[in-house]
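J.: Data file target-v1.csv (CSV, C-alpha atoms) is appended below.
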```
chain,number,residue,atom,x,y,z
A,1,MET,CA,50.9,130.0,-49.9
A,2,ALA,CA,50.2,126.5,-48.6
A,3,ILE,CA,48.3,125.6,-51.7
A,4,TYR,CA,51.4,126.3,-53.9
A,5,VAL,CA,53.6,124.0,-51.8
A,6,LEU,CA,50.9,121.4,-51.8
A,7,SER,CA,50.3,121.4,-55.6
A,8,VAL,CA,54.1,121.5,-56.4
A,9,SER,CA,54.8,118.5,-54.2
A,10,LEU,CA,51.8,116.6,-55.5
A,11,ALA,CA,52.9,117.2,-59.1
A,12,PHE,CA,56.4,116.2,-58.2
A,13,ALA,CA,55.4,113.1,-56.4
A,14,PHE,CA,53.2,112.1,-59.4
A,15,LEU,CA,56.2,112.5,-61.7
A,16,LEU,CA,58.4,110.4,-59.4
A,17,ILE,CA,55.7,107.6,-59.2
A,18,VAL,CA,55.5,107.4,-63.0
A,19,LEU,CA,59.2,107.3,-63.4
A,20,GLU,CA,59.5,104.6,-60.7
A,21,LEU,CA,56.8,102.5,-62.4
A,22,VAL,CA,58.8,102.6,-65.6
A,23,ARG,CA,62.0,101.7,-63.7
A,24,ARG,CA,60.3,98.7,-62.2
A,25,GLN,CA,58.8,97.8,-65.6
A,26,LYS,CA,55.3,98.0,-64.3
A,27,LEU,CA,54.6,100.6,-67.0
A,28,LYS,CA,55.9,100.5,-70.6
A,29,GLU,CA,57.9,103.4,-71.8
A,30,GLN,CA,55.4,104.0,-74.7
A,31,TYR,CA,52.5,104.4,-72.3
A,32,SER,CA,54.5,106.4,-69.8
A,33,LEU,CA,55.3,109.2,-72.2
A,34,LEU,CA,51.8,110.7,-72.0
A,35,TRP,CA,51.9,110.6,-68.2
A,36,ILE,CA,55.3,112.2,-68.0
A,37,LEU,CA,54.1,114.9,-70.2
A,38,PHE,CA,51.1,115.3,-68.1
A,39,SER,CA,53.0,115.5,-64.8
A,40,VAL,CA,55.6,117.9,-66.1
A,41,THR,CA,52.9,120.2,-67.4
A,42,LEU,CA,51.3,120.0,-63.9
A,43,LEU,CA,54.6,120.8,-62.3
A,44,ILE,CA,55.2,123.9,-64.5
A,45,ILE,CA,51.7,125.2,-63.9
A,46,SER,CA,52.1,124.7,-60.1
A,47,PHE,CA,55.3,126.7,-60.1
A,48,ASN,CA,53.9,129.5,-62.2
A,49,VAL,CA,50.2,130.1,-61.9
A,50,SER,CA,50.3,133.1,-64.1
A,51,ILE,CA,50.6,130.8,-67.1
A,52,ILE,CA,47.1,129.6,-66.6
A,53,GLU,CA,45.9,133.2,-66.2
A,54,TRP,CA,47.7,134.2,-69.4
A,55,VAL,CA,46.1,131.3,-71.4
A,56,ALA,CA,42.7,132.1,-69.9
A,57,ASP,CA,43.1,135.7,-70.9
A,58,GLN,CA,44.1,134.8,-74.5
A,59,LEU,CA,41.1,132.5,-74.9
A,60,GLY,CA,38.8,135.0,-73.3
A,61,VAL,CA,37.9,132.8,-70.3
A,62,LYS,CA,36.9,134.8,-67.3
A,63,TYR,CA,37.4,132.1,-64.7
A,64,ALA,CA,41.0,131.0,-65.1
A,65,PRO,CA,40.8,127.6,-63.2
A,66,ALA,CA,38.2,126.5,-65.8
A,67,ILE,CA,41.1,126.2,-68.2
A,68,LEU,CA,42.6,123.6,-65.9
A,69,PHE,CA,39.4,121.5,-65.8
A,70,LEU,CA,39.1,121.8,-69.6
A,71,PHE,CA,42.6,120.5,-70.4
A,72,GLY,CA,42.5,118.0,-67.6
A,73,LEU,CA,39.3,116.5,-69.0
A,74,LEU,CA,40.6,116.6,-72.6
A,75,PHE,CA,43.7,114.7,-71.5
A,76,CYS,CA,41.6,112.1,-69.7
A,77,PHE,CA,39.5,111.6,-72.8
A,78,ALA,CA,42.5,111.3,-75.0
A,79,PHE,CA,44.1,108.8,-72.7
A,80,ILE,CA,40.9,106.6,-72.3
A,81,LEU,CA,40.6,106.6,-76.1
A,82,HIS,CA,44.2,105.5,-76.4
A,83,LEU,CA,43.5,102.7,-73.8
A,84,THR,CA,40.5,101.3,-75.7
A,85,ILE,CA,42.6,101.2,-78.8
A,86,VAL,CA,45.2,99.2,-77.0
A,87,ILE,CA,42.5,96.9,-75.5
A,88,THR,CA,41.1,96.3,-79.0
A,89,LYS,CA,44.5,95.3,-80.3
A,90,LEU,CA,45.2,93.0,-77.3
A,91,THR,CA,41.8,91.3,-77.7
A,92,SER,CA,42.5,90.5,-81.3
A,93,HIS,CA,46.0,89.2,-80.4
A,94,VAL,CA,44.6,87.0,-77.6
A,95,LEU,CA,41.9,85.6,-79.9
A,96,ARG,CA,44.5,84.8,-82.6
A,97,LEU,CA,46.7,83.1,-80.0
A,98,ALA,CA,43.7,81.1,-78.6
A,99,GLN,CA,42.8,80.0,-82.2
A,100,GLU,CA,46.3,78.9,-83.1
A,101,VAL,CA,46.8,77.0,-79.8
A,102,THR,CA,43.4,75.2,-80.3
A,103,ILE,CA,44.4,74.0,-83.7
A,104,LEU,CA,47.9,73.0,-82.6
A,105,LYS,CA,46.4,71.1,-79.6
A,106,GLU,CA,44.0,69.1,-81.9
A,107,ARG,CA,46.9,68.3,-84.3
A,108,GLU,CA,49.0,67.0,-81.4
A,109,VAL,CA,46.1,64.8,-80.2
A,110,SER,CA,45.3,63.4,-83.6
A,111,HIS,CA,49.0,62.7,-84.3
A,112,GLY,CA,49.3,61.0,-81.0
A,113,GLN,CA,46.5,58.6,-82.0
A,114,ASN,CA,48.4,57.7,-85.3
A,115,ASP,CA,51.6,56.8,-83.6
B,1,MET,CA,36.4,67.7,-103.5
B,2,LYS,CA,37.7,67.6,-99.9
B,3,THR,CA,34.9,69.0,-97.8
B,4,LEU,CA,34.7,70.1,-94.2
B,5,ILE,CA,31.7,70.9,-92.1
B,6,ILE,CA,32.3,73.5,-89.5
B,7,ILE,CA,29.9,73.4,-86.5
B,8,PRO,CA,30.5,76.1,-83.8
B,9,ALA,CA,28.9,74.9,-80.6
B,10,TYR,CA,28.4,76.6,-77.2
B,11,ASN,CA,26.6,74.4,-74.7
B,12,GLU,CA,24.8,72.3,-77.3
B,13,GLU,CA,25.1,68.8,-75.7
B,14,GLY,CA,21.3,68.2,-76.4
B,15,SER,CA,21.5,68.6,-80.1
B,16,ILE,CA,25.1,68.2,-81.3
B,17,ALA,CA,25.1,64.4,-81.6
B,18,ALA,CA,22.0,64.3,-83.7
B,19,VAL,CA,23.4,67.0,-86.0
B,20,ILE,CA,26.6,65.0,-86.6
B,21,ARG,CA,24.7,61.7,-87.1
B,22,ASP,CA,22.5,63.4,-89.7
B,23,ILE,CA,25.6,64.7,-91.6
B,24,HIS,CA,27.2,61.3,-91.6
B,25,GLN,CA,24.0,59.8,-92.9
B,26,HIS,CA,23.3,62.2,-95.7
B,27,ALA,CA,26.9,63.1,-96.7
B,28,PRO,CA,29.2,60.3,-95.7
B,29,SER,CA,32.3,61.6,-97.5
B,30,VAL,CA,32.6,64.9,-95.6
B,31,ASP,CA,34.7,65.6,-92.5
B,32,VAL,CA,33.0,67.2,-89.5
B,33,ILE,CA,34.8,69.5,-87.1
B,34,VAL,CA,33.0,70.9,-84.1
B,35,ILE,CA,34.3,74.1,-82.7
B,36,ASN,CA,33.6,73.8,-79.0
B,37,ASP,CA,33.6,77.4,-77.9
B,38,GLY,CA,34.4,77.0,-74.2
B,39,SER,CA,31.2,75.1,-73.3
B,40,SER,CA,30.6,74.3,-69.7
B,41,ASP,CA,28.5,71.2,-70.5
B,42,ARG,CA,29.3,67.9,-72.2
B,43,THR,CA,29.3,69.2,-75.8
B,44,GLU,CA,32.9,68.1,-76.4
B,45,GLN,CA,32.3,64.5,-75.3
B,46,CYS,CA,29.0,64.2,-77.1
B,47,ALA,CA,30.6,65.4,-80.4
B,48,ILE,CA,33.5,63.0,-80.1
B,49,ASN,CA,31.2,60.1,-79.3
B,50,ALA,CA,29.1,60.9,-82.4
B,51,GLY,CA,32.3,60.6,-84.5
B,52,ALA,CA,33.3,64.2,-85.1
B,53,ARG,CA,36.7,65.9,-84.6
B,54,VAL,CA,36.6,68.6,-82.0
B,55,LEU,CA,38.5,71.8,-81.5
B,56,THR,CA,38.0,73.0,-78.0
B,57,LEU,CA,38.8,76.7,-77.4
B,58,PRO,CA,40.3,77.6,-74.0
B,59,TYR,CA,37.6,80.3,-73.4
B,60,ASN,CA,34.4,81.5,-75.0
B,61,VAL,CA,35.6,83.6,-77.9
B,62,GLY,CA,32.1,84.2,-79.4
B,63,ILE,CA,30.6,82.9,-82.6
B,64,GLY,CA,32.8,84.9,-85.0
B,65,GLY,CA,36.1,83.8,-83.4
B,66,GLY,CA,34.9,80.2,-83.2
B,67,MET,CA,33.9,80.2,-86.9
B,68,GLN,CA,37.2,81.7,-87.9
B,69,THR,CA,39.0,78.9,-86.1
B,70,GLY,CA,37.1,76.5,-88.3
B,71,TYR,CA,38.2,78.3,-91.5
B,72,MET,CA,41.8,78.5,-90.2
B,73,TYR,CA,41.6,74.7,-89.7
B,74,ALA,CA,40.2,74.2,-93.2
B,75,LYS,CA,42.9,76.3,-94.7
B,76,GLN,CA,45.7,74.5,-92.9
B,77,HIS,CA,44.3,71.1,-94.0
B,78,ASN,CA,43.7,72.2,-97.6
B,79,TYR,CA,40.0,71.7,-97.8
B,80,ASP,CA,38.3,72.7,-101.1
B,81,ILE,CA,35.0,73.4,-99.5
B,82,ALA,CA,34.1,74.5,-95.9
B,83,ILE,CA,30.5,74.5,-94.9
B,84,GLN,CA,29.3,76.2,-91.8
B,85,MET,CA,26.3,74.7,-90.0
B,86,ASP,CA,24.5,75.5,-86.7
B,87,ALA,CA,24.7,73.0,-83.8
B,88,ASP,CA,21.1,73.4,-82.8
B,89,GLY,CA,19.8,71.3,-85.7
B,90,GLN,CA,18.0,74.1,-87.7
B,91,HIS,CA,20.1,73.4,-90.7
B,92,LEU,CA,19.2,70.1,-92.4
B,93,ALA,CA,21.9,67.7,-93.5
B,94,GLU,CA,19.9,66.5,-96.5
B,95,GLU,CA,20.3,70.0,-98.0
B,96,LEU,CA,24.1,69.7,-98.0
B,97,PRO,CA,24.4,68.2,-101.5
B,98,LYS,CA,22.6,71.2,-102.9
B,99,LEU,CA,25.2,73.6,-101.3
B,100,ILE,CA,28.2,71.4,-102.3
B,101,ALA,CA,27.0,71.2,-106.0
B,102,LYS,CA,26.8,74.9,-106.3
B,103,ALA,CA,30.0,75.6,-104.4
B,104,GLU,CA,32.0,74.3,-107.4
B,105,HIS,CA,30.9,77.4,-109.4
B,106,TYR,CA,30.8,80.1,-106.7
B,107,ASP,CA,33.0,81.3,-104.0
B,108,LEU,CA,30.2,81.3,-101.4
B,109,VAL,CA,26.8,79.6,-101.4
B,110,ILE,CA,24.2,80.7,-98.9
B,111,GLY,CA,21.4,78.4,-97.9
B,112,SER,CA,18.4,80.7,-97.8
B,113,ARG,CA,15.1,80.3,-96.0
B,114,TYR,CA,13.3,82.7,-98.3
B,115,VAL,CA,14.4,82.3,-101.9
B,116,GLU,CA,11.6,80.3,-103.7
B,117,SER,CA,9.2,78.9,-101.3
B,118,THR,CA,10.3,77.0,-98.3
B,119,SER,CA,8.1,76.3,-95.3
B,120,TYR,CA,10.1,78.5,-92.9
B,121,ARG,CA,8.0,81.0,-91.0
B,122,SER,CA,9.3,83.6,-88.6
B,123,SER,CA,8.0,86.3,-86.4
B,124,HIS,CA,7.1,89.7,-87.8
B,125,LEU,CA,9.9,91.5,-86.0
B,126,ARG,CA,12.4,89.1,-87.3
B,127,ARG,CA,11.0,89.4,-90.7
B,128,ILE,CA,11.3,93.2,-90.6
B,129,GLY,CA,14.9,92.9,-89.5
B,130,MET,CA,15.6,90.5,-92.4
B,131,ILE,CA,14.0,92.8,-95.0
B,132,PHE,CA,16.0,95.8,-93.6
B,133,PHE,CA,19.3,93.9,-93.8
B,134,SER,CA,18.5,92.7,-97.3
B,135,GLY,CA,17.9,96.2,-98.4
B,136,LEU,CA,21.0,97.5,-96.7
B,137,VAL,CA,23.2,94.8,-98.2
B,138,SER,CA,21.7,95.3,-101.7
B,139,MET,CA,22.4,99.0,-101.4
B,140,VAL,CA,26.0,98.4,-100.4
B,141,THR,CA,26.9,95.5,-102.7
B,142,GLY,CA,24.5,95.9,-105.6
B,143,GLN,CA,23.5,92.3,-105.3
B,144,ARG,CA,20.1,91.1,-104.0
B,145,PHE,CA,20.1,88.7,-101.1
B,146,THR,CA,17.0,87.2,-99.6
B,147,ASP,CA,18.6,85.8,-96.4
B,148,THR,CA,21.6,87.8,-95.3
B,149,THR,CA,21.6,86.4,-91.7
B,150,SER,CA,21.6,82.7,-92.7
B,151,GLY,CA,24.4,80.8,-91.0
B,152,PHE,CA,24.2,77.9,-93.5
B,153,ARG,CA,26.9,78.6,-96.0
B,154,ALA,CA,29.4,76.8,-98.2
B,155,ALA,CA,32.8,78.4,-98.9
B,156,GLY,CA,35.3,77.7,-101.6
B,157,PRO,CA,39.1,78.0,-101.3
B,158,LYS,CA,39.2,81.8,-101.9
B,159,VAL,CA,36.7,82.5,-99.1
B,160,ILE,CA,38.4,80.0,-96.8
B,161,ASP,CA,41.5,82.0,-97.3
B,162,LEU,CA,39.8,85.4,-96.8
B,163,TYR,CA,37.9,84.3,-93.7
B,164,SER,CA,41.1,82.9,-92.1
B,165,GLN,CA,42.5,86.4,-92.4
B,166,TYR,CA,39.5,88.3,-91.2
B,167,TYR,CA,36.1,87.3,-89.7
B,168,PRO,CA,33.8,89.6,-87.7
B,169,ILE,CA,33.6,88.8,-84.0
B,170,ASP,CA,29.9,89.0,-83.0
B,171,TYR,CA,26.8,88.8,-85.1
B,172,PRO,CA,29.1,88.2,-88.1
B,173,GLU,CA,26.9,87.0,-90.9
B,174,VAL,CA,25.9,90.2,-92.6
B,175,GLU,CA,29.3,91.9,-92.4
B,176,ALA,CA,31.0,88.7,-93.5
B,177,LEU,CA,29.0,89.0,-96.7
B,178,ILE,CA,30.0,92.6,-97.5
B,179,TYR,CA,33.6,91.7,-96.8
B,180,LEU,CA,33.5,89.0,-99.4
B,181,LYS,CA,31.7,91.2,-102.0
B,182,ARG,CA,34.3,93.9,-101.5
B,183,LYS,CA,37.0,91.3,-102.1
B,184,GLY,CA,35.4,90.4,-105.4
B,185,CYS,CA,33.9,87.0,-104.5
B,186,ARG,CA,31.0,85.4,-106.4
B,187,ILE,CA,28.1,84.7,-104.1
B,188,THR,CA,24.8,82.9,-104.7
B,189,GLU,CA,21.9,81.7,-102.7
B,190,VAL,CA,20.0,78.4,-102.9
B,191,ALA,CA,16.7,77.6,-101.2
B,192,THR,CA,17.1,75.3,-98.2
B,193,GLU,CA,14.5,74.0,-95.8
B,194,MET,CA,15.2,74.9,-92.2
B,195,ARG,CA,13.8,73.4,-89.0
B,196,LYS,CA,12.6,75.2,-85.9
B,197,ARG,CA,15.2,74.9,-83.2
B,198,GLU,CA,15.0,71.6,-81.3
B,199,THR,CA,16.7,72.3,-78.0
B,200,GLY,CA,17.9,75.5,-76.3
B,201,LYS,CA,16.4,78.9,-77.0
B,202,SER,CA,17.2,81.8,-79.1
B,203,SER,CA,19.8,84.1,-77.5
B,204,ILE,CA,18.0,87.2,-78.9
B,205,THR,CA,16.1,89.3,-76.4
B,206,PRO,CA,14.4,92.7,-77.2
B,207,LEU,CA,17.3,94.7,-75.9
B,208,LYS,CA,19.8,92.5,-77.7
B,209,SER,CA,17.9,92.8,-80.9
B,210,ILE,CA,18.3,96.6,-80.8
B,211,TYR,CA,22.0,96.2,-80.2
B,212,TYR,CA,22.1,93.7,-83.0
B,213,MET,CA,20.4,96.1,-85.5
B,214,VAL,CA,22.7,99.0,-84.5
B,215,LYS,CA,25.9,96.9,-84.4
B,216,VAL,CA,25.3,95.1,-87.7
B,217,THR,CA,24.2,98.3,-89.5
B,218,LEU,CA,27.4,100.1,-88.3
B,219,SER,CA,29.7,97.3,-89.2
B,220,VAL,CA,28.1,97.0,-92.7
B,221,LEU,CA,28.6,100.7,-93.4
B,222,MET,CA,32.1,100.6,-91.9
B,223,SER,CA,33.2,97.6,-94.0
B,224,ALA,CA,31.6,99.2,-97.1
B,225,MET,CA,34.0,102.1,-96.5
B,226,ARG,CA,37.0,100.0,-95.4
B,227,TYR,CA,37.6,98.0,-98.6
B,228,ASP,CA,37.8,99.6,-102.0
B,229,ARG,CA,35.5,98.5,-104.7
B,230,THR,CA,38.1,98.1,-107.4
B,231,VAL,CA,38.9,94.5,-106.7
B,232,VAL,CA,37.3,92.4,-109.4
B,233,SER,CA,36.8,88.6,-109.4
B,234,LYS,CA,38.9,86.5,-111.6
```
Could you write out this structure as structure tokens?

T.:
Amino acid sequence: MAIYVLSVSLAFAFLLIVLELVRRQKLKEQYSLLWILFSVTLLIISFNVSIIEWVADQLGVKYAPAILFLFGLLFCFAFILHLTIVITKLTSHVLRLAQEVTILKEREVSHGQND
Amino acid sequence: MKTLIIIPAYNEEGSIAAVIRDIHQHAPSVDVIVINDGSSDRTEQCAINAGARVLTLPYNVGIGGGMQTGYMYAKQHNYDIAIQMDADGQHLAEELPKLIAKAEHYDLVIGSRYVESTSYRSSHLRRIGMIFFSGLVSMVTGQRFTDTTSGFRAAGPKVIDLYSQYYPIDYPEVEALIYLKRKGCRITEVATEMRKRETGKSSITPLKSIYYMVKVTLSVLMSAMRYDRTVVSK
């Protein structure tokens, strides 16, 4: 029984941490949604393990916990992909900013010389 | 014709001054802008002393980002022609008039090492890479190019505008060509002599050249699928 208490409290703590991060503006709402979804799912599964067994049965998986690993991994992949997309966008924004600033800086210097 | 020479430079203090002096000597009427891409040496000071304007980027953005800064500058200052040249001295200033003359009739003019006979000789591996890219680009664009990786290019107003909007980040030369062809630009090549590099050494190592081949091939195929072919030149 100890494992159920442990997993429920872990999932609950995780959900609280995510929400607290959003409250402190350390995490943007748009990025928190996936995490909230993840921790709520975790919580539901911890409360009711038979869900996993039912899904495993439906998919014909003999070892039910394997379902956990499968979806856990898939979630990680999806999230990492999402992160690299965000990084790509950030990189191009930073580049554009650096370019604009560089051009503005030169304009300021050359105008200063004319005055 | 208001003409700008764009020279991206990263730690090129040894050669940049000579390049700028050569340009002033052979094409006195053009403006020169050096894009100092976060150099840690005296590139900026050397370029200013030699009489060029300098744009210093706050960090090293890579060749593509630096080049694009030059095109953005050319666009904002309404230049008719922007010519990109290397800072290491391999592109010769006495060839500039050839490029400028052709640039009036084309959107992009490429200074080629291989069209007609120039004295340029390169290693076998490099040669194979060149032939491969030429084949790839001909296949995708339907136009034959002899020197797709040449960084000696003159751009007209249409290309200045297009490159200000988009320019590939690393190893940009080949993809930048496809992009223009897809946007309906008229491109031509002229034979230009090129010099062996004077200072510094090539950044291409065996491992990097494999990455180079894969990256460029991927970006060529991607840009071929990205823009539709229906755009026709005016």

J.: I'd like the contact shell of B:Asn78 - 12 Å cut-off, only C-alpha atoms, skipping same-chain residues fewer than 3 positions apart - returned as a ChimeraX atom specification.

T.: /B:1-4,71-75,81-82,156-158,160-161

J.: Using Å and a single decimal, report how far atom CA of B:Asn36 sits from atom CA of B:Glu189.

T.: 27.6 Å

J.: Write out as CSV the residues of chain B that have any atom within 8 Å of an atom of chain A, one row each with the nearest atom pair and its distance in Å to one decimal, counting all atoms listed in the file, sorted by chain and then rising number.

T.:
```
residue,atom,partner,partner_atom,distance
B:Val54,CA,A:Glu106,CA,7.4
B:Leu55,CA,A:Thr102,CA,6.1
B:Thr56,CA,A:Thr102,CA,6.3
B:Leu57,CA,A:Thr102,CA,5.6
B:Pro58,CA,A:Ala98,CA,6.7
B:Val61,CA,A:Leu95,CA,6.9
B:Gly65,CA,A:Leu95,CA,7.0
B:Gly66,CA,A:Gln99,CA,8.0
B:Thr69,CA,A:Gln99,CA,5.6
B:Tyr73,CA,A:Ile103,CA,6.7
```

J.: Just the residues within 8 Å of B:Asn60, please, counting only C-alpha atoms, with nothing from its chain fewer than 5 positions along; format it as an mmCIF file with C-alpha atoms, in the frame of the given file.

T.:
```
data_model
loop_
_atom_site.group_PDB
_atom_site.id
_atom_site.type_symbol
_atom_site.label_atom_id
_atom_site.label_comp_id
_atom_site.auth_asym_id
_atom_site.auth_seq_id
_atom_site.Cartn_x
_atom_site.Cartn_y
_atom_site.Cartn_z
ATOM 1 C CA ASP B 37 33.600 77.400 -77.900
ATOM 2 C CA GLY B 38 34.400 77.000 -74.200
ATOM 3 C CA SER B 39 31.200 75.100 -73.300
#
```

J.: Could you pull the residues within 7 Å of A:Leu43, counting only C-alpha atoms, minus those fewer than 3 positions along the same chain, as JSON, numbers by chain?

T.: {"A": [8, 11, 12, 39, 40, 46, 47]}
